[in-house]
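Quick notes on the structure that follows.
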Number of protein chains: 2
Amino acid sequence: MSGQKIRNMEEFAALSGLSRPTISKYFNDPASVRSRTRERIEEALARHDFRPNIFAMNQNRSLTKNVGIVVPYLADPFFAEIARIIERRCIDAGFSPILYSSHGQQKLEVEILEGLTALKPAGVFLAPLGRLSDRSAVERFCRDVPTVLFDSNIEGMGEAFVGSDNVSFVQQTVDYLCRSGTPPCFFEMRTPANPNANKRRNAYLKIMADAGLEPHVIQVDGEGWGFEEIGRRGMHRVIDAWPLPTNTVLCSNDRLAIGVLAACYERGLRIGRGEGCALRVASHDDHPFSRFTCPALTTAAHEYELVADKCMTTLFSLIEAGGRFSTREETLIPARLILRASA
Amino acid sequence: MSGQKIRNMEEFAALSGLSRPTISKYFNDPASVRSRTRERIEEALARHDFRPNIFAMNQNRSLTKNVGIVVPYLADPFFAEIARIIERRCIDAGFSPILYSSHGQQKLEVEILEGLTALKPAGVFLAPLGRLSDRSAVERFCRDVPTVLFDSNIEGMGEAFVGSDNVSFVQQTVDYLCRSGTPPCFFEMRTPANPNANKRRNAYLKIMADAGLEPHVIQVDGEGWGFEEIGRRGMHRVIDAWPLPTNTVLCSNDRLAIGVLAACYERGLRIGRGEGCALRVASHDDHPFSRFTCPALTTAAHEYELVADKCMTTLFSLIEAGGRFSTREETLIPARLILRASA
DNA sequence: GTTGGGAATTTACGCGCGTAAAGAAAAATC
DNA sequence: GATTTTTCTTTACGCGCGTAAATTCCCAAC
């Protein structure tokens, strides 16, 4: 903490009694210099608190230590949570994560990808908008930058995909709902932006068909990322057209379910599996708030830590492989059923 | 989109028939070159899609176009929301926002500030952890970088503070609750990290005293950012020790209130102002989810857009003033009462 | 047509660091 | 103690752009 400010590596080298290239080596990999030398540098570092200029460092490097994390909508706590874990892991691994949110807008996603390219990142975790993504822009980006897609799969883009096994999600909730009561109908948005929604509906249809049960899909209108409000308004319409085909509602995701529960509460419908309950409601994602809904939501949980871990290991092996895999890797992580009071 | 890849500004200058310094001028400020020249550059730009190297650009500049946004906990939708708006505004103003979350950890906040310093940002929006912040680290940072504090004020740090007028928040909720029913007790964490919590409690005490009413403060234990769970557990204890001093509970913030509502639901207590309701519950912040609680939460809302706007204009004038104000500016923005079903 | 001034060009240097090559020094090996 | 191996130093060049100074150009006004 003492002494004058160091301007550059040259000065710091002089103060630590070493040459600049040695210092440079140290900063690129502390293990690449002799332990005695390392000690001398770290001692000088403690005294003078020097940090090499990031811009000068990266300018001459084809690859930086930057890692991009792009999510479609950060105000959705699901993405905030997954981004948080990945970010933490990146820091621990010595990378500099940079977090971006597309805020649900195609134009912004494209801008982010273009800006990210200029940062020459070692790798990028990309959760694309999905249906709203500019496919050609994403494709161009993935050609330039080693990319691991997560959450939303877009066929053929990126070197790998890490996501949730939507079939497992729906299988677990439907199984549980069937063995504990009436088979569920499926509640979803008519035009979901996220491809997982389509996979979940198809899984529902197949599982019901395999079990010899009649499926019922309820589709509600609405655009954008205000899922709770879409679910709430949609459920009000459903209640207006009472009765439902079944007393059990399986929502495509927790945010819709939160809206559904709100609508039911507003209409005086009791939710749960006990006496006097009009409906059971279950869902998917284990949204951070779903344990605080009234009643608490029965849902299929993402294994947040597992997903984040798999993302990390995948990107690291991708980086070590020079940014390309011979074949595109797809990892689907199964769900964990969480039983709460709503179903 | 045609033609070969451009490697650097030199090549691009040749292709557009101009000199490199002119191109450089254009990228630093398109208005600084003659309109004819600008047209020629933009035409060449459309054909070849060149972007100057960020690292080389910033290396020789004392100030970049980077703007840092630091929030204490991004998985809290309140911060996600405010960060989203500020980010959008920065982009529109031609800056490159970079978003960081301290994830509630002092060490991480310090690391972020140190890393941010190295990016030579034009300015930074900082919502500090509060009680958990390393004051000396924040102080050092603010000396080096033009900083606007928001959300949590730390006396004397940064050139300006933009936040909410906690007195206005509490005034509005207490006034409403008093004129529509029993005066409220105040529900909060015993050791809140955020200084706003203390300001709100003090405001409550003063307002009650001024009105000649007896205040009741309920403090629940808990550490960290899991406010909903802290509120839920705390409320269960309160219900165990029934009755409350009053049938009206004013929570310090919406996330605590969400937990309180969950606990009440679990114990079969009806919330609201109607017949058969055991309690009224109100709160502060207008958290993005508080309109979907059961019942929907009566609360005092932040003027998100106003706060974001004020943050932006403050930072811009700070940047134009060369990074220093003669006196520290403090802006407090009043609340907007939102009446819903819970009180 | 002349003139003046803003705009563009040329020239030249600097930023802080990566990195390569060759030689010197230190450490490890026998 | 001599040899090999590893590590460090020296030297030198390059990255892509900012920026300043001096010159030349263009355009408009007179």
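Order determines the names: the first chain of the structure tokens is A, the second B, and so forth; residues in each chain are numbered 1 upward, and ligands are numbered 1 upward as they are shown.
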
7 Å contact set for stretch 307-314 of chain A, only C-alpha atoms (C1' of nucleotides), chain neighbours under 4 positions out, as a VMD selection string: chain A and resid 82 85 to 86 162 to 163 303 318 333

Selection: 12 Å around D:DT11, only C-alpha atoms (C1' of nucleotides), excl. self and same-chain fewer than 4 positions, as number ranges by chain: A: 19, 21; C: 20-23

At a cut-off of 8 Å, list the chain B residues touching chain D, using only C-alpha atoms (C1' of nucleotides), as a JSON list (two decimals) with N, CA, C and O atoms, in the first residue's frame.
```json
[["chain", "number", "residue", "atom", "x", "y", "z"],
["B", 8, "ASN", "N", -7.91, -3.63, -39.75],
["B", 8, "ASN", "CA", -7.74, -2.46, -38.87],
["B", 8, "ASN", "C", -8.21, -1.19, -39.56],
["B", 8, "ASN", "O", -8.65, -1.19, -40.70],
["B", 9, "MET", "N", -8.09, -0.13, -38.82],
["B", 9, "MET", "CA", -8.59, 1.15, -39.29],
["B", 9, "MET", "C", -7.84, 1.64, -40.52],
["B", 9, "MET", "O", -8.41, 2.32, -41.37],
["B", 24, "SER", "N", -10.72, 7.86, -37.46],
["B", 24, "SER", "CA", -10.65, 7.88, -36.00],
["B", 24, "SER", "C", -11.55, 8.97, -35.43],
["B", 24, "SER", "O", -12.30, 8.74, -34.48],
["B", 53, "ASN", "N", -11.12, -1.77, -33.01],
["B", 53, "ASN", "CA", -10.73, -2.63, -31.89],
["B", 53, "ASN", "C", -10.91, -1.90, -30.56],
["B", 53, "ASN", "O", -10.27, -0.89, -30.29],
["B", 56, "ALA", "N", -7.69, -1.45, -28.29],
["B", 56, "ALA", "CA", -6.76, -0.43, -28.78],
["B", 56, "ALA", "C", -7.34, 0.97, -28.58],
["B", 56, "ALA", "O", -6.63, 1.91, -28.26],
["B", 57, "MET", "N", -8.65, 1.08, -28.77],
["B", 57, "MET", "CA", -9.29, 2.39, -28.60],
["B", 57, "MET", "C", -9.12, 2.90, -27.17],
["B", 57, "MET", "O", -8.79, 4.05, -26.93],
["B", 60, "ASN", "N", -5.44, 4.11, -25.05],
["B", 60, "ASN", "CA", -4.83, 5.43, -25.09],
["B", 60, "ASN", "C", -5.76, 6.53, -24.61],
["B", 60, "ASN", "O", -5.49, 7.70, -24.80],
["B", 61, "ARG", "N", -6.86, 6.13, -24.05],
["B", 61, "ARG", "CA", -7.83, 7.11, -23.61],
["B", 61, "ARG", "C", -7.82, 7.15, -22.10],
["B", 61, "ARG", "O", -7.76, 6.11, -21.44]]
```

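One finds atom CA of B:Phe79 at 26.0 Å from atom CA of A:Leu119.
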
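Any residue of chain C with an atom no more than 10 Å from chain B counts as a contact; using only C-alpha atoms (C1' of nucleotides), that gives DG6, DA7, DA8, DT9, DT10, DG14, DC15 and DG16 of chain C.
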
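The spacing separating atom CA of B:Cys185 from atom CA of B:Asn202 amounts to 12.9 Å.
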
Contact residues (chain B, partner chain A, 6 Å, only C-alpha atoms) as a PyMOL selection string: chain B and resi 55-56+59+75+77+80-81+262+292

Excluding same-chain residues fewer than 2 positions from A:Asp144, what lies within 10 Å of it counting only C-alpha atoms (C1' of nucleotides), as number ranges by chain? A: 117, 120-121, 139-142, 146-147, 323

Keeping only N, CA and C atoms, take the residues you just selected and write them out as a tab-separated table (two decimals), in the first residue's frame.
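Below is the file result.tsv, written as the result:
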```tsv
chain	number	residue	atom	x	y	z
A	117	THR	N	-18.64	-10.00	-29.54
A	117	THR	CA	-17.64	-10.47	-30.48
A	117	THR	C	-16.39	-9.61	-30.40
A	120	LYS	N	-13.57	-10.32	-27.90
A	120	LYS	CA	-12.77	-11.54	-28.08
A	120	LYS	C	-12.85	-12.47	-26.89
A	121	PRO	N	-14.04	-12.86	-26.48
A	121	PRO	CA	-14.15	-13.68	-25.28
A	121	PRO	C	-13.61	-15.09	-25.52
A	139	GLU	N	-26.20	-17.41	-35.58
A	139	GLU	CA	-25.33	-18.35	-36.31
A	139	GLU	C	-23.96	-17.70	-36.58
A	140	ARG	N	-23.99	-16.47	-37.04
A	140	ARG	CA	-22.75	-15.76	-37.33
A	140	ARG	C	-21.91	-15.65	-36.06
A	141	PHE	N	-22.58	-15.32	-34.98
A	141	PHE	CA	-21.88	-15.18	-33.71
A	141	PHE	C	-21.21	-16.49	-33.31
A	142	CYS	N	-21.96	-17.58	-33.41
A	142	CYS	CA	-21.43	-18.87	-32.99
A	142	CYS	C	-20.26	-19.32	-33.85
A	146	PRO	N	-16.54	-19.27	-29.46
A	146	PRO	CA	-16.92	-20.57	-28.86
A	146	PRO	C	-18.12	-20.40	-27.94
A	147	THR	N	-19.21	-21.03	-28.29
A	147	THR	CA	-20.46	-20.77	-27.59
A	147	THR	C	-21.11	-22.03	-27.06
A	323	GLY	N	-12.05	-24.32	-29.23
A	323	GLY	CA	-13.26	-23.62	-29.62
A	323	GLY	C	-14.20	-24.42	-30.51
```

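Residues in contact with stretch 44-48 of chain A at 12 Å, where only C-alpha atoms (C1' of nucleotides) are counted and same-chain residues fewer than 3 positions away are skipped, are listed as A:Met1, A:Ser2, A:Gly3, A:Gln4, A:Lys5, A:Ile6, A:Arg7, A:Asn8, A:Met9, A:Glu11, A:Phe12, A:Ala13, A:Ala14, A:Leu15, A:Ser16, A:Gly17, A:Leu18, A:Ile23, A:Tyr26, A:Phe27, A:Thr37, A:Arg38, A:Glu39, A:Arg40, A:Ile41, A:Arg51, A:Pro52.
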
DSSP on the backbone: what in stretch 123-305 of chain B comes out alpha helix (DSSP H), as a ChimeraX atom specification? /B:135-144,166-180,195-210,227-240,254-266,304-305

Where does DSSP see strand (DSSP E or B) in stretch 173-337 of chain A, if you list the residues as an MDAnalysis selection string? chainID A and resid 185:189 217:220 248:251 271 279:285 298:301 329:333 336:337

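The coordinates place atom CA of A:Pro243 at 19.0 Å from atom CA of A:Leu177.
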